[in-house]
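Structure first, then comments.
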Amino acid sequence: MSDNDGKKTLGLRSGSRPGNVKQSFSHGRTKNVVVETKRKRVVVPKPGPAKAAGGGSAKAGNPSRRPAGISDAEMERRLKALQAAKAREVDEARERAEAERKRAEDRERRRAEAEAKEREQREAEERARQKAEDEARKKQEAEEAAKKAAAAPAEPAAAPGPARGKPAPQQTPRKTDREQPSRTPRKGRDDGGRRSGKLTLNQALSGGEGGRQRSMAAMKRKQERARQKAMGGAVEREKVVRDVQLPETIVVSELANRMAERVADVVKSLMNMGMMVTQNQTIDADTAELIIEEFGHKVVRVSDADVEDVIKEVEDNPEDLKSRPPVITIMGHVDHGKTSLLDAIRDTSVTSGEAGGITQHIGAYQVKTKDGAKLTFLDTPGHAAFTSMRSRGAQVTDIVILVVAADDSVMPQTIEAIHHSKAAGVPMIVAINKIDKPAADPDKVRAELLQHEVIVEKMSGEVQDVEVSAVTGQGLDELLEAVALQAEILELKANPDRAAQGAVIEAQLDVGRGPVATVLVQQGTLHQGDIFVVGEQYGKVRAMENDRSERVKDAGPSVPVEVLGLHGTPEAGDVLNVVETEAQAREIAEYRHEQAKEKRAAAGAATTLEQLMQKAKDDENVAELPVLVKADVQGSAEAIVQALEKVGNDEVRVRVLHSGVGAITETDIGLAEASGAPVIGFNVRANAPARNAANQKGVEIRYYSVIYDLVDDVKAAASGLLSAEVREKFIGYAEIKEVFKVTGVGKVAGCLVTEGVARRSAGVRLLRDNVVIHEGTLKTLKRFKDEVAEVQSGQECGMAFENYDDIRPADVIEIFEREEVTRTLE
């Protein structure tokens, strides 16, 4: 029978039947396999003599040793299959040997290439070193020859002798035979650290060798060490000893970072010391010092205040300084035309955007003149409540333009602006505005400025004065020329190529953009992406916008920009400094926050128990009006709080429970409800949850856009807490002529009304020798026998006092009425 006799799989033809068995493995894996189920076959011999297989018996083998029921063809097929399997095993063994030989050749080739490359690199380095030595030797010989020629010019220059042959450096002997690592096979692992065989659950959990399972990073480090060893490099790196700055307390992860050690190793060392800590816990300096010494590093003890040492006050070299635009602050009394004057200079309309036509924020703008020069203007409010704003404007400015209305002359905020300018030590230019009005009298302004030691040039002084009109534009060019002249005298310069430093002019919490700070850059250049710290806050410059709401990438000295990317709203007036890393910025901000908190706590703790008792006793009769204030910018909130703290007297006062920047939130409503206080929103609104909470809890929310109206309404509300003033009005006098004793009534005085009128509803006092001996009310007032309501002057009547009988003739009865007068706060 031939090989193509049957197409079926090898097996019994009729003695088995196929079936499926489901095998289960570890980790929930299963597999279906096909098996054959054998059945016992009963062979019944056929009657008659058995035929001997002719030619096939030799091929089929001995019939007596053949299993029962196997035919010659089946036996021949099985033998052929067995021979084919043996042939395949021989071929596979030969292929494996060939593949192993090729891999060995490939490894040898790569090793030879690496050695050749290393040898070429060493030869190139040797050639470069020898060339550098030759050049240095030639240069030295040339210098010696020049010195000899200069020392003996009369003698003929000696020809330089042949260069001394320097023996070539000994070549590094080639390493022909590298020590091959011993290949001692281990159970479960091969020579490369790779696992062989099956991965059991126990090995996976215990790491295969009773230890922790290695991470991918550890495996990569091991492979790198093996590669370096194969290349002949150093396997172990030298220990780098670092100077670790150690504050009073430090987080475990930060300690590991400063030592450049693994966090797990540091935690393990702490656990060996008996401290069960995690990487986010804080340890004291003594414990950290032990850990640092254990890892072989040096300890540098620093205090918490040293975190601010990264902000270095560097002195700029004179050659690095470049000219910068001047910063001009416009100051003056309210409604004297400061913003209108700036509008005329900018040729824009800023006033139209201000509520009530008055400035309530510090505005920062940059103007380009016709000559191409840039000027930075700061517009400050003139209202009395914005004193601190004007003070900040004077502190960051180079030149002050004092705006005085020609028809209104010098006013209180004008005098205050003069004081701020003098305190800051900045030059002043007087702009006499509203010169176009009929009532304008500029000479009167100049004369009144003399009273405050401001002597203008027209009065033979040094202060420049310009008559301007924001409406007609008169004198604007002369004003800009005066500013340019003053800036030229000051020679304003700054270094733009250093870390930026600036002042926060204004800060606010924008709903869509988050905390936003208006920063005037004073030194260096502020770039997008810089990490900075400002006051108790820090952040990264996410974006910057100029005064025209255009995105900019950087801002140089004297450029005002709005900075986005803060983690919180800073205080107006804080200083912005750029630092190198976010960790430094966070440390400085946290240190400043802790210092401010300790200062506030110390201020509260300084009050003794006796002082607290005395204050409680003094405040016992003082009525308070609690309020919550939310404003759009930090400067406005500060000004409103300062204005409200001045409202009140010895009987009533306003107490600001909380002030902040941003929209009115549900938290503010909860605080207002607990305190029974109204919520005041200045240029902000309540969000939807806050409005719903206010309606449910009955909390009043008042919105304002002009600070005048806000202060006036709070004054009116505080006036309602004042007790009404009681005034006495004398309406008449009566003299007792005779005293009668009436049964059931008591003593009754027969009186004559000498002045005014006597009313029964009025109050009475009994005077004896002009001394008050009783004050009370009348029990009865009769004329003849009738009870009457009042008795006119010149008539007689009978009077009896309530619960008082000690009356005598010639006593005087004083009759008066009380009236309540509503009081208001001035």
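We label chains A, B, ... in the order they appear in the structure tokens, count residues from 1 in each chain, and number ligands from 1 in the order shown.
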message = Show me, as a ChimeraX atom specification, the residues that have an atom within 9 Å of Val300 (chain A) when counting only C-alpha atoms, minus same-chain residues fewer than 2 positions from it.
response = /A:243-247,298,302
request  = Looking only at alpha helix (DSSP H) from DSSP on the backbone, list the matching residues of region 632-739 of chain A as a ChimeraX atom specification.
outcome  = /A:634-645,666-675,688-697,707-719
request  = Write out as JSON, numbers by chain the residues lying within 6 Å of Lys630 (chain A), counting only C-alpha atoms and excluding same-chain residues fewer than 6 positions away.
outcome  = {"A": [659, 660, 661, 681]}
Write out, as a short mmCIF file (atom, residue, chain, number, x, y, z; two decimals), in the first residue's frame, the residues just selected, with N, CA and C atoms.
```
data_model
loop_
_atom_site.label_atom_id
_atom_site.label_comp_id
_atom_site.auth_asym_id
_atom_site.auth_seq_id
_atom_site.Cartn_x
_atom_site.Cartn_y
_atom_site.Cartn_z
N SER A 659 -13.27 90.47 53.55
CA SER A 659 -13.14 91.19 52.28
C SER A 659 -12.34 90.32 51.34
N GLY A 660 -12.70 90.33 50.08
CA GLY A 660 -12.01 89.50 49.11
C GLY A 660 -12.21 90.02 47.71
N VAL A 661 -11.60 89.29 46.77
CA VAL A 661 -11.64 89.66 45.36
C VAL A 661 -12.35 88.54 44.60
N GLY A 681 -21.29 93.98 47.13
CA GLY A 681 -20.53 93.64 45.94
C GLY A 681 -20.16 94.89 45.18
#
```
Nearby residues (only C-alpha atoms) at most 7 Å from Ala762 (chain A), same-chain spacing under 6 positions excluded, as JSON, numbers by chain = {"A": [815, 816, 817]}
Would you put the residues from that selection into a file with N, CA, C and O atoms, as a compact mmCIF listing (two decimals), in the first residue's frame?
```txt
# COMPACT_ATOMS: atom_id res chain seq x y z
N ILE A 815 -43.13 122.22 83.72
CA ILE A 815 -43.84 121.32 82.81
C ILE A 815 -43.02 121.25 81.49
O ILE A 815 -42.67 122.29 80.92
N PHE A 816 -42.75 120.00 81.01
CA PHE A 816 -41.92 119.83 79.80
C PHE A 816 -42.42 118.63 79.00
O PHE A 816 -43.10 117.75 79.53
N GLU A 817 -42.04 118.62 77.74
CA GLU A 817 -42.33 117.48 76.84
C GLU A 817 -41.02 116.96 76.26
O GLU A 817 -40.09 117.73 76.03
```
task = For each of A:Lys131, A:Lys646, A:Arg765, A:Arg324, take the minimum atom-to-atom distance to Glu488 (chain A), counting only C-alpha atoms, then give the residue where this is smallest.
result =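 Answer, going by the shortest atom-to-atom distance: A:Arg324.
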request  = Excluding Gln696 (chain A) and residues on its chain fewer than 3 positions from it, collect all residues at most 12 Å away from it, counting only C-alpha atoms, and give them as a ChimeraX atom specification.
outcome  = /A:666,669-670,673,689-693,699-700
If you count only C-alpha atoms, which residues fall within 12 Å of Arg513 (chain A), apart from same-chain ones fewer than 2 positions away, as a CSV table (one decimal) with all heavy atoms, in the first residue's frame?
```csv
chain,number,residue,atom,x,y,z
A,508,GLN,N,-6.6,91.1,40.6
A,508,GLN,CA,-8.0,90.8,40.6
A,508,GLN,C,-8.2,89.3,40.3
A,508,GLN,O,-7.3,88.6,39.9
A,508,GLN,CB,-8.8,91.6,39.5
A,508,GLN,CG,-8.3,91.3,38.1
A,508,GLN,CD,-9.0,92.2,37.1
A,508,GLN,OE1,-10.2,92.5,37.3
A,508,GLN,NE2,-8.4,92.5,36.0
A,509,LEU,N,-9.4,88.8,40.6
A,509,LEU,CA,-9.7,87.4,40.3
A,509,LEU,C,-10.8,87.4,39.2
A,509,LEU,O,-11.9,87.7,39.4
A,509,LEU,CB,-10.3,86.7,41.6
A,509,LEU,CG,-10.6,85.3,41.5
A,509,LEU,CD1,-9.4,84.5,41.2
A,509,LEU,CD2,-11.3,84.8,42.8
A,510,ASP,N,-10.3,87.0,38.0
A,510,ASP,CA,-11.2,87.0,36.9
A,510,ASP,C,-11.9,85.6,36.8
A,510,ASP,O,-11.3,84.6,37.0
A,510,ASP,CB,-10.4,87.2,35.6
A,510,ASP,CG,-11.3,87.6,34.4
A,510,ASP,OD1,-11.8,86.6,33.9
A,510,ASP,OD2,-11.4,88.7,34.0
A,511,VAL,N,-13.2,85.6,36.4
A,511,VAL,CA,-13.9,84.4,36.4
A,511,VAL,C,-13.4,83.4,35.3
A,511,VAL,O,-13.2,82.2,35.6
A,511,VAL,CB,-15.4,84.7,36.1
A,511,VAL,CG1,-16.2,83.4,36.0
A,511,VAL,CG2,-16.0,85.6,37.2
A,515,PRO,N,-6.7,84.2,38.8
A,515,PRO,CA,-6.0,85.4,39.3
A,515,PRO,C,-5.2,86.1,38.3
A,515,PRO,O,-4.4,85.5,37.6
A,515,PRO,CB,-5.1,84.8,40.4
A,515,PRO,CG,-5.7,83.4,40.7
A,515,PRO,CD,-6.3,83.0,39.4
A,516,VAL,N,-5.4,87.4,38.2
A,516,VAL,CA,-4.7,88.2,37.2
A,516,VAL,C,-4.0,89.4,38.0
A,516,VAL,O,-4.7,90.0,38.8
A,516,VAL,CB,-5.6,88.8,36.2
A,516,VAL,CG1,-4.9,89.6,35.2
A,516,VAL,CG2,-6.3,87.6,35.4
A,517,ALA,N,-2.8,89.7,37.7
A,517,ALA,CA,-2.0,90.7,38.4
A,517,ALA,C,-1.5,91.7,37.3
A,517,ALA,O,-0.9,91.3,36.3
A,517,ALA,CB,-0.9,90.2,39.2
A,542,ARG,N,1.7,82.1,32.4
A,542,ARG,CA,1.0,81.4,31.4
A,542,ARG,C,0.8,82.2,30.1
A,542,ARG,O,0.8,81.8,29.0
A,542,ARG,CB,-0.3,80.9,31.9
A,542,ARG,CG,-1.0,79.8,31.0
A,542,ARG,CD,-2.2,79.2,31.7
A,542,ARG,NE,-3.3,80.1,31.8
A,542,ARG,CZ,-3.9,80.5,32.9
A,542,ARG,NH1,-3.4,80.1,34.0
A,542,ARG,NH2,-4.9,81.4,32.8
A,543,ALA,N,0.5,83.5,30.4
A,543,ALA,CA,0.2,84.4,29.3
A,543,ALA,C,0.4,85.8,29.8
A,543,ALA,O,0.3,86.1,31.0
A,543,ALA,CB,-1.1,84.2,28.6
A,544,MET,N,0.7,86.8,28.9
A,544,MET,CA,0.8,88.2,29.2
A,544,MET,C,0.0,89.0,28.2
A,544,MET,O,0.0,88.7,27.0
A,544,MET,CB,2.3,88.6,29.3
A,544,MET,CG,3.0,88.1,30.5
A,544,MET,SD,4.7,88.8,30.6
A,544,MET,CE,5.5,88.1,29.1
A,545,GLU,N,-0.6,90.1,28.7
A,545,GLU,CA,-1.4,91.0,27.8
A,545,GLU,C,-1.0,92.4,28.2
A,545,GLU,O,-0.8,92.8,29.3
A,545,GLU,CB,-2.9,90.8,28.1
A,545,GLU,CG,-3.5,89.5,27.6
A,545,GLU,CD,-5.0,89.4,27.8
A,545,GLU,OE1,-5.5,90.4,28.3
A,545,GLU,OE2,-5.5,88.3,27.5
A,562,GLU,N,-0.5,92.5,32.1
A,562,GLU,CA,-1.4,91.7,32.9
A,562,GLU,C,-0.8,90.3,32.9
A,562,GLU,O,-0.7,89.7,31.8
A,562,GLU,CB,-2.8,91.7,32.4
A,562,GLU,CG,-3.6,93.0,32.8
A,562,GLU,CD,-5.1,92.8,32.6
A,562,GLU,OE1,-5.4,91.9,31.8
A,562,GLU,OE2,-5.8,93.6,33.1
A,563,VAL,N,-0.5,89.7,34.0
A,563,VAL,CA,0.2,88.4,34.1
A,563,VAL,C,-0.9,87.4,34.5
A,563,VAL,O,-1.6,87.5,35.5
A,563,VAL,CB,1.3,88.4,35.1
A,563,VAL,CG1,2.0,87.0,35.2
A,563,VAL,CG2,2.4,89.4,34.6
A,564,LEU,N,-1.0,86.3,33.8
A,564,LEU,CA,-1.9,85.1,34.1
A,564,LEU,C,-1.0,83.9,34.4
A,564,LEU,O,0.1,83.7,33.9
A,564,LEU,CB,-2.8,84.8,32.9
A,564,LEU,CG,-3.9,85.7,32.5
A,564,LEU,CD1,-3.5,87.0,31.9
A,564,LEU,CD2,-4.9,85.0,31.6
A,565,GLY,N,-1.5,83.1,35.4
A,565,GLY,CA,-0.8,81.9,35.8
A,565,GLY,C,-0.5,81.9,37.3
A,565,GLY,O,0.3,81.1,37.7
A,566,LEU,N,-1.1,82.8,38.1
A,566,LEU,CA,-0.8,82.8,39.5
A,566,LEU,C,-1.6,81.7,40.2
A,566,LEU,O,-2.7,81.3,39.7
A,566,LEU,CB,-1.2,84.1,40.1
A,566,LEU,CG,-0.3,85.3,39.7
A,566,LEU,CD1,-0.9,86.1,38.7
A,566,LEU,CD2,0.0,86.1,41.0
A,567,HIS,N,-1.1,81.2,41.3
A,567,HIS,CA,-1.9,80.2,42.1
A,567,HIS,C,-2.8,80.9,43.1
A,567,HIS,O,-3.7,80.2,43.7
A,567,HIS,CB,-0.9,79.3,42.9
A,567,HIS,CG,-0.2,78.3,42.0
A,567,HIS,ND1,0.9,78.7,41.3
A,567,HIS,CD2,-0.4,77.0,41.8
A,567,HIS,CE1,1.3,77.6,40.6
A,567,HIS,NE2,0.5,76.6,40.9
A,568,GLY,N,-2.8,82.2,43.3
A,568,GLY,CA,-3.7,82.9,44.1
A,568,GLY,C,-3.6,84.4,43.8
A,568,GLY,O,-2.7,84.8,43.1
A,569,THR,N,-4.5,85.2,44.4
A,569,THR,CA,-4.5,86.6,44.2
A,569,THR,C,-3.5,87.3,45.1
A,569,THR,O,-3.7,87.2,46.3
A,569,THR,CB,-5.9,87.2,44.4
A,569,THR,OG1,-6.8,86.4,43.6
A,569,THR,CG2,-6.0,88.6,44.0
A,662,GLY,N,-13.3,88.9,43.7
A,662,GLY,CA,-14.0,87.9,42.9
A,662,GLY,C,-15.4,87.9,43.1
A,662,GLY,O,-16.0,88.8,43.9
```
task = Please provide the set of residues having any atom within 9 Å of region 454-466 of chain A, restricted to only C-alpha atoms, with same-chain residues fewer than 4 positions apart removed, written as a list in words.
result =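 Listing them by chain and then by number gives Ile418, Pro427, Met428, Ile429, Val430, Ala431, Ile432, Asn433, Arg446, Ala447, Glu448, Leu449, Leu450, Gly475, Leu476, Glu478, Leu479 and Ala482 of chain A.
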ask   = Quick one: DSSP strand (DSSP E or B) residues in region 478-574 of chain A, as a PyMOL selection string?
value = chain A and resi 493-494+501-510+514-523+526-527+531-534+537-545+551-552+554-555+560-566
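Coordinates place CA of Ile531 (chain A) at a distance of 7.2 Å from CA of Ala585 (chain A).
Here CA of Gly798 (chain A) is placed at a distance of 16.9 Å from CA of Leu767 (chain A).
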query = Separation of CA of Arg242 (chain A) and CA of Met259 (chain A), in Å?
reply =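 Answer for the CA of Arg242 (chain A) to CA of Met259 (chain A) separation: 6.6 Å.
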remark   = Between A:Pro678, A:Gly794, A:Gly746, A:Gly535, smallest distance to Gly732 (chain A) by only C-alpha atoms belongs to A:Gly794
